[in-house]
>>> print(open('my_file-v4.cif').read())   # mmCIF, C-alpha atoms
data_start
loop_
_atom_site.group_PDB
_atom_site.id
_atom_site.type_symbol
_atom_site.label_atom_id
_atom_site.label_comp_id
_atom_site.auth_asym_id
_atom_site.auth_seq_id
_atom_site.Cartn_x
_atom_site.Cartn_y
_atom_site.Cartn_z
ATOM 1 C CA MET A 1 7.299 5.470 -9.028
ATOM 2 C CA VAL A 2 10.602 3.703 -8.404
ATOM 3 C CA VAL A 3 11.416 0.664 -10.524
ATOM 4 C CA THR A 4 14.888 -0.777 -10.137
ATOM 5 C CA PRO A 5 16.199 -2.931 -12.997
ATOM 6 C CA TRP A 6 18.617 -5.613 -11.880
ATOM 7 C CA THR A 7 20.643 -5.148 -15.043
ATOM 8 C CA THR A 8 20.779 -2.220 -17.404
ATOM 9 C CA ARG A 9 23.123 -3.592 -20.077
ATOM 10 C CA ARG A 10 21.821 -3.329 -23.620
ATOM 11 C CA TRP A 11 21.807 -6.415 -25.792
ATOM 12 C CA SER A 12 22.459 -7.406 -29.350
ATOM 13 C CA PRO A 13 20.453 -10.361 -30.720
ATOM 14 C CA ALA A 14 23.603 -11.670 -32.419
ATOM 15 C CA ALA A 15 25.547 -11.751 -29.134
ATOM 16 C CA SER A 16 23.551 -14.517 -27.439
ATOM 17 C CA HIS A 17 20.745 -16.955 -28.033
ATOM 18 C CA LEU A 18 19.352 -16.443 -24.560
ATOM 19 C CA LEU A 19 18.423 -13.075 -23.140
ATOM 20 C CA ALA A 20 17.178 -12.337 -19.654
ATOM 21 C CA GLY A 21 16.242 -9.255 -17.684
ATOM 22 C CA ALA A 22 14.782 -8.617 -14.268
ATOM 23 C CA ALA A 23 13.348 -5.705 -12.339
ATOM 24 C CA VAL A 24 11.616 -4.996 -9.067
ATOM 25 C CA ALA A 25 9.045 -2.357 -8.085
ATOM 26 C CA ASP A 26 7.799 -1.372 -4.648
ATOM 27 C CA ILE A 27 4.047 -1.968 -4.215
ATOM 28 C CA THR A 28 3.908 -1.251 -0.477
ATOM 29 C CA PRO A 29 0.688 0.551 0.479
ATOM 30 C CA PRO A 30 0.691 3.269 3.115
ATOM 31 C CA PRO A 31 -0.542 2.314 6.591
ATOM 32 C CA GLY A 32 -4.257 2.622 7.254
ATOM 33 C CA GLY A 33 -5.658 0.307 4.606
ATOM 34 C CA SER A 34 -7.596 -2.925 4.959
ATOM 35 C CA LEU A 35 -5.550 -6.065 5.416
ATOM 36 C CA ALA A 36 -6.312 -9.394 3.779
ATOM 37 C CA GLY A 37 -5.900 -12.983 4.770
ATOM 38 C CA TYR A 38 -7.802 -13.511 7.991
ATOM 39 C CA ALA A 39 -11.569 -13.298 8.306
ATOM 40 C CA ALA A 40 -11.303 -12.137 11.919
ATOM 41 C CA ARG A 41 -8.963 -9.252 11.068
ATOM 42 C CA VAL A 42 -11.023 -6.068 11.192
ATOM 43 C CA SER A 43 -8.531 -3.339 12.065
ATOM 44 C CA ALA A 44 -6.601 -1.394 9.458
ATOM 45 C CA SER A 45 -2.852 -1.667 9.042
ATOM 46 C CA ILE A 46 -0.864 0.514 11.431
ATOM 47 C CA ALA A 47 2.700 0.272 10.046
ATOM 48 C CA VAL A 48 4.926 -1.308 7.426
ATOM 49 C CA HIS A 49 7.138 -4.142 8.655
ATOM 50 C CA ASP A 50 8.684 -5.085 5.288
ATOM 51 C CA PRO A 51 8.208 -3.695 1.789
ATOM 52 C CA LEU A 52 5.914 -5.486 -0.638
ATOM 53 C CA LEU A 53 7.481 -5.982 -4.055
ATOM 54 C CA ALA A 54 6.585 -6.883 -7.609
ATOM 55 C CA THR A 55 9.436 -8.883 -9.134
ATOM 56 C CA ALA A 56 9.588 -9.443 -12.893
ATOM 57 C CA VAL A 57 11.807 -11.747 -14.964
ATOM 58 C CA ALA A 58 11.844 -11.672 -18.763
ATOM 59 C CA VAL A 59 13.465 -14.392 -20.886
ATOM 60 C CA SER A 60 13.856 -14.396 -24.663
ATOM 61 C CA ASP A 61 15.490 -16.608 -27.262
ATOM 62 C CA GLY A 62 15.310 -13.795 -29.796
ATOM 63 C CA ALA A 63 12.165 -15.208 -31.406
ATOM 64 C CA ALA A 64 9.855 -15.584 -28.422
ATOM 65 C CA THR A 65 9.798 -13.694 -25.148
ATOM 66 C CA SER A 66 8.153 -14.665 -21.857
ATOM 67 C CA LEU A 67 7.569 -12.560 -18.769
ATOM 68 C CA VAL A 68 6.850 -13.807 -15.256
ATOM 69 C CA ILE A 69 5.844 -11.346 -12.553
ATOM 70 C CA SER A 70 5.323 -12.206 -8.895
ATOM 71 C CA ALA A 71 3.674 -9.714 -6.548
ATOM 72 C CA ASP A 72 3.701 -9.782 -2.743
ATOM 73 C CA LEU A 73 -0.096 -9.912 -2.484
ATOM 74 C CA ILE A 74 -2.585 -12.482 -1.215
ATOM 75 C CA ALA A 75 -4.354 -12.887 -4.578
ATOM 76 C CA LEU A 76 -5.421 -11.064 -7.715
ATOM 77 C CA ASP A 77 -8.738 -11.332 -9.537
ATOM 78 C CA PRO A 78 -8.506 -12.974 -13.003
ATOM 79 C CA ASP A 79 -9.779 -9.733 -14.571
ATOM 80 C CA THR A 80 -6.939 -7.846 -12.883
ATOM 81 C CA THR A 81 -4.254 -10.230 -14.142
ATOM 82 C CA ARG A 82 -5.707 -10.027 -17.664
ATOM 83 C CA ARG A 83 -5.637 -6.229 -17.422
ATOM 84 C CA ILE A 84 -1.972 -6.309 -16.362
ATOM 85 C CA ALA A 85 -1.138 -8.514 -19.379
ATOM 86 C CA ARG A 86 -3.142 -6.219 -21.684
ATOM 87 C CA ASP A 87 -1.427 -3.102 -20.315
ATOM 88 C CA LEU A 88 1.973 -4.733 -20.837
ATOM 89 C CA ARG A 89 1.053 -5.611 -24.425
ATOM 90 C CA GLU A 90 -0.034 -2.039 -25.080
ATOM 91 C CA ARG A 91 3.106 -0.613 -23.458
ATOM 92 C CA THR A 92 5.733 -3.071 -24.764
ATOM 93 C CA GLY A 93 4.193 -5.230 -27.501
ATOM 94 C CA ILE A 94 4.674 -8.514 -25.620
ATOM 95 C CA PRO A 95 1.759 -10.882 -26.364
ATOM 96 C CA GLU A 96 -0.698 -11.226 -23.476
ATOM 97 C CA ASP A 97 -0.355 -15.015 -23.484
ATOM 98 C CA ALA A 98 3.408 -14.638 -22.897
ATOM 99 C CA VAL A 99 2.814 -12.901 -19.537
ATOM 100 C CA ALA A 100 2.318 -14.855 -16.308
ATOM 101 C CA VAL A 101 1.262 -12.976 -13.176
ATOM 102 C CA ALA A 102 1.581 -14.745 -9.830
ATOM 103 C CA VAL A 103 1.321 -13.765 -6.175
ATOM 104 C CA THR A 104 3.251 -14.888 -3.110
ATOM 105 C CA HIS A 105 -0.036 -15.288 -1.217
ATOM 106 C CA THR A 106 1.075 -13.222 1.758
ATOM 107 C CA HIS A 107 -1.439 -12.961 4.582
ATOM 108 C CA ALA A 108 0.277 -9.780 5.751
ATOM 109 C CA GLY A 109 -0.632 -7.513 2.875
ATOM 110 C CA PRO A 110 -3.453 -5.300 1.646
ATOM 111 C CA ALA A 111 -6.890 -6.438 0.570
ATOM 112 C CA VAL A 112 -6.864 -6.383 -3.239
ATOM 113 C CA THR A 113 -9.679 -8.657 -4.448
ATOM 114 C CA ARG A 114 -13.451 -8.529 -4.581
ATOM 115 C CA GLY A 115 -15.022 -10.753 -1.943
ATOM 116 C CA GLY A 116 -11.720 -11.908 -0.494
ATOM 117 C CA ILE A 117 -11.098 -12.973 3.072
ATOM 118 C CA GLY A 118 -10.423 -9.976 5.259
ATOM 119 C CA GLY A 119 -10.774 -6.311 4.451
ATOM 120 C CA VAL A 120 -12.218 -4.368 1.562
ATOM 121 C CA ALA A 121 -9.937 -3.543 -1.361
ATOM 122 C CA ASP A 122 -9.072 0.108 -1.937
ATOM 123 C CA PRO A 123 -9.527 0.689 -5.705
ATOM 124 C CA ARG A 124 -6.875 3.444 -5.657
ATOM 125 C CA TYR A 125 -4.312 1.088 -4.164
ATOM 126 C CA VAL A 126 -5.212 -1.683 -6.622
ATOM 127 C CA GLU A 127 -4.717 0.776 -9.511
ATOM 128 C CA HIS A 128 -1.377 1.882 -8.053
ATOM 129 C CA ALA A 129 -0.195 -1.705 -7.498
ATOM 130 C CA CYS A 130 -1.205 -2.701 -11.044
ATOM 131 C CA ALA A 131 0.678 0.265 -12.493
ATOM 132 C CA GLN A 132 3.784 -0.712 -10.522
ATOM 133 C CA ILE A 133 3.459 -4.367 -11.579
ATOM 134 C CA VAL A 134 3.249 -3.267 -15.226
ATOM 135 C CA ALA A 135 6.241 -0.947 -14.710
ATOM 136 C CA ALA A 136 8.296 -3.830 -13.281
ATOM 137 C CA GLY A 137 7.395 -6.011 -16.266
ATOM 138 C CA ALA A 138 8.299 -3.280 -18.754
ATOM 139 C CA ALA A 139 11.599 -2.623 -16.951
ATOM 140 C CA ALA A 140 12.479 -6.347 -17.056
ATOM 141 C CA LEU A 141 11.842 -6.370 -20.804
ATOM 142 C CA ASP A 142 13.962 -3.224 -21.210
ATOM 143 C CA ALA A 143 16.749 -4.920 -19.249
ATOM 144 C CA LEU A 144 17.030 -7.960 -21.566
ATOM 145 C CA ALA A 145 20.713 -8.826 -21.961
ATOM 146 C CA PRO A 146 22.736 -11.909 -22.935
ATOM 147 C CA ALA A 147 22.347 -14.574 -20.302
ATOM 148 C CA VAL A 148 23.383 -18.089 -19.402
ATOM 149 C CA LEU A 149 20.792 -20.437 -17.920
ATOM 150 C CA ARG A 150 21.975 -22.475 -14.979
ATOM 151 C CA ARG A 151 20.183 -24.621 -12.471
ATOM 152 C CA GLY A 152 20.939 -25.784 -8.985
ATOM 153 C CA HIS A 153 19.315 -26.909 -5.785
ATOM 154 C CA GLY A 154 19.786 -26.893 -2.082
ATOM 155 C CA THR A 155 17.826 -27.551 1.066
ATOM 156 C CA LEU A 156 16.429 -25.232 3.667
ATOM 157 C CA HIS A 157 15.118 -26.835 6.825
ATOM 158 C CA GLY A 158 12.951 -25.164 9.423
ATOM 159 C CA VAL A 159 11.117 -22.669 7.236
ATOM 160 C CA ALA A 160 8.096 -24.667 6.088
ATOM 161 C CA THR A 161 5.707 -26.328 8.510
ATOM 162 C CA ASN A 162 2.805 -28.660 7.985
ATOM 163 C CA ARG A 163 -0.046 -26.721 9.585
ATOM 164 C CA ARG A 164 -2.309 -29.768 9.518
ATOM 165 C CA GLY A 165 -0.271 -31.478 12.223
ATOM 166 C CA GLY A 166 1.898 -33.747 10.110
ATOM 167 C CA THR A 167 5.645 -33.790 9.938
ATOM 168 C CA LEU A 168 5.939 -33.925 6.156
ATOM 169 C CA THR A 169 7.562 -30.864 4.606
ATOM 170 C CA HIS A 170 9.589 -30.423 1.438
ATOM 171 C CA PRO A 171 12.849 -28.581 2.210
ATOM 172 C CA ALA A 172 14.191 -28.715 -1.375
ATOM 173 C CA VAL A 173 15.002 -25.354 -2.956
ATOM 174 C CA PRO A 174 15.394 -25.549 -6.731
ATOM 175 C CA VAL A 175 17.017 -22.535 -8.362
ATOM 176 C CA VAL A 176 17.181 -21.478 -12.013
#
>>> encode(input="my_file-v4.cif", output="structure tokens")
Amino acid sequence: MVVTPWTTRRWSPAASHLLAGAAVADITPPPGGSLAGYAARVSASIAVHDPLLATAVAVSDGAATSLVISADLIALDPDTTRRIARDLRERTGIPEDAVAVAVTHTHAGPAVTRGGIGGVADPRYVEHACAQIVAAGAAALDALAPAVLRRGHGTLHGVATNRRGGTLTHPAVPVV
């Protein structure tokens, strides 16, 4: 298991009113598993083009802490996301309702849900991915350090397309 925190500085609650920490964990399955995302896809994966990651960001004001985790998967069952939040509570003490688990909805990743479009989920991989997602969340909490919140925005043309034939896209890229 390799979890890489983006910051490892320790923090003092008196030093800042805002704390933030982030971490990333690799959740890439080995080739040979079922792929998700296309009903017509029946063959197993044959290689890894890019790694799949679980990225976690923790933010705290010293009184309340929130954790957002995004995984490069097509979807997760509600029971699975609740289990991730429960495991994080048991491991770190963060309340389950302070944990948000999201997915990037990649159609180029492993099958991970019951009854999803595409292949059949491998329970061993799902267990492994969940453990890595929890590890990323715990590492982000461990990495909490004084932070400054800033916002910005930009535009990025040519990435999004309207697959229903229209020309409307939204190239704005907000950043916090």
>>> resolve_selection(input="my_file-v4.cif", expression="the PyMOL selection byres ((chain A and resi 64-71) around 9)", output="PyMOL selection string")
chain A and resi 19+27+52-63+72-75+94-95+97-105+129+133-134+136-137+140-141
>>> closest_residue(input="my_file-v4.cif", among="A:His107, A:Arg82, A:His157, A:Arg89", to="Thr169 in chain A", atoms="only C-alpha atoms")
A:His157
>>> closest_residue(input="my_file-v4.cif", among="A:Pro146, A:Gly152, A:Gly158, A:Gly32", to="Pro110 in chain A", atoms="only C-alpha atoms")
A:Gly32
>>> closest_residue(input="my_file-v4.cif", among="A:Arg114, A:Glu96, A:Ala172, A:Tyr125", to="Pro31 in chain A", atoms="only C-alpha atoms")
A:Tyr125
>>> closest_residue(input="my_file-v4.cif", among="A:Val173, A:Ala147, A:Ala85, A:Val120", to="Gly37 in chain A", atoms="all atoms listed in the file")
A:Val120
>>> closest_residue(input="my_file-v4.cif", among="A:Ala44, A:Val112, A:Ala139, A:Val159", to="Val126 in chain A", atoms="only C-alpha atoms")
A:Val112
>>> atom_distance(input="my_file-v4.cif", atom1="CA of Gln132 in chain A", atom2="CA of Ile84 in chain A")
9.9 Å
>>> atom_distance(input="my_file-v4.cif", atom1="CA of Arg91 in chain A", atom2="CA of Ala135 in chain A")
9.3 Å
>>> atom_distance(input="my_file-v4.cif", atom1="CA of Ala39 in chain A", atom2="CA of Pro51 in chain A")
22.9 Å
>>> closest_residue(input="my_file-v4.cif", among="A:Ala23, A:Arg150, A:Pro30, A:Thr155", to="His128 in chain A", atoms="all atoms listed in the file")
A:Pro30
